[in-house]
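Quick notes on the structure that follows.
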Amino acid sequence: MAVSEEYKRFVADILEDLGSVRIKNMFGGSGVYYGDLMFGLIASETLYFKVDAQNRADFEEEDMEPFYYEPANGKKIAMSFWEIPPRLFDESDELTQWARKSVDAAHRAKQAKPKRKKAAAKKKAKKATTKK
């Protein structure tokens with residue numbers, strides 16, 4: 001699943017119109033970030049974008065599929081990142097539109113996560129230390 005430095009530079013270059021994009025190594029692949037939002041994934045020299053209910057149809061209409069993670073138990077798990085259509089590499093404006101939709105999907109996913117309150121965490125930690 002390793003990603004070459006050349007491919008990471010290529011992805012950064014083609015996403016230049018989106019704005020400040022960072023690529024960070026992770027778990028043998030790379031995450032593609034816009035600000036603090038991971039909206040893309042690179043695995044085995046393949047680019048995947050974040051997908052949710054609002055942009056899934058775009059990927060399905062192009063017969064694209066999700067990235068599958070296979071843990072040690074051998075059971076494949078479909079992730080919320082789908083391979084982008086290869087034709088987008090030649091369509092920079094459309095690629096940027098797809099990337100923006102994926103940034104929006106990443107934002108919605110972040111908003112949907114319940115926020116853990118610091119006070120509750122401190123209370124729980126204090127309770128655990130007083131039981132010792």
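In the structure tokens, the first chain shown is A, the next is B, and so on; residue numbers restart at 1 for each chain, and ligands run from 1 in the order shown.
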A:Arg108: which residues within 12 Å, counting only C-alpha atoms, same-chain residues fewer than 5 positions away excluded, as a list of chain:residue names?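 Once the nearby chain positions are removed, what remains is A:Leu37, A:Met38, A:Phe39, A:Lys50, A:Val51, A:Asp52, A:Ala53, A:Gln54, A:Asn55, A:Lys101, A:Ser102, A:Val103, A:Lys113, A:Pro114.
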Please, which residues of chain A, numbered as in this document, come out alpha helix (DSSP H) from DSSP, as a PyMOL selection string? chain A and resi 5-14+56-61+92-112+118-130
May I have the residues within 9 Å of A:Leu15 as a VMD selection string, using only C-alpha atoms and disregarding those fewer than 5 positions away in the same chain? chain A and resid 10 20 to 21 92 95 to 96 99
Going by DSSP on the backbone, which residues of chain A come out as strand (DSSP E)? List them as a ChimeraX atom specification. /A:21-26,29-34,37-43,46-50,66-69,77-83
With only C-alpha atoms as the counted atoms, please give the residues lying no more than 12 Å from A:Glu83, apart from itself and same-chain residues fewer than 2 positions off, as a count of residues only. 34
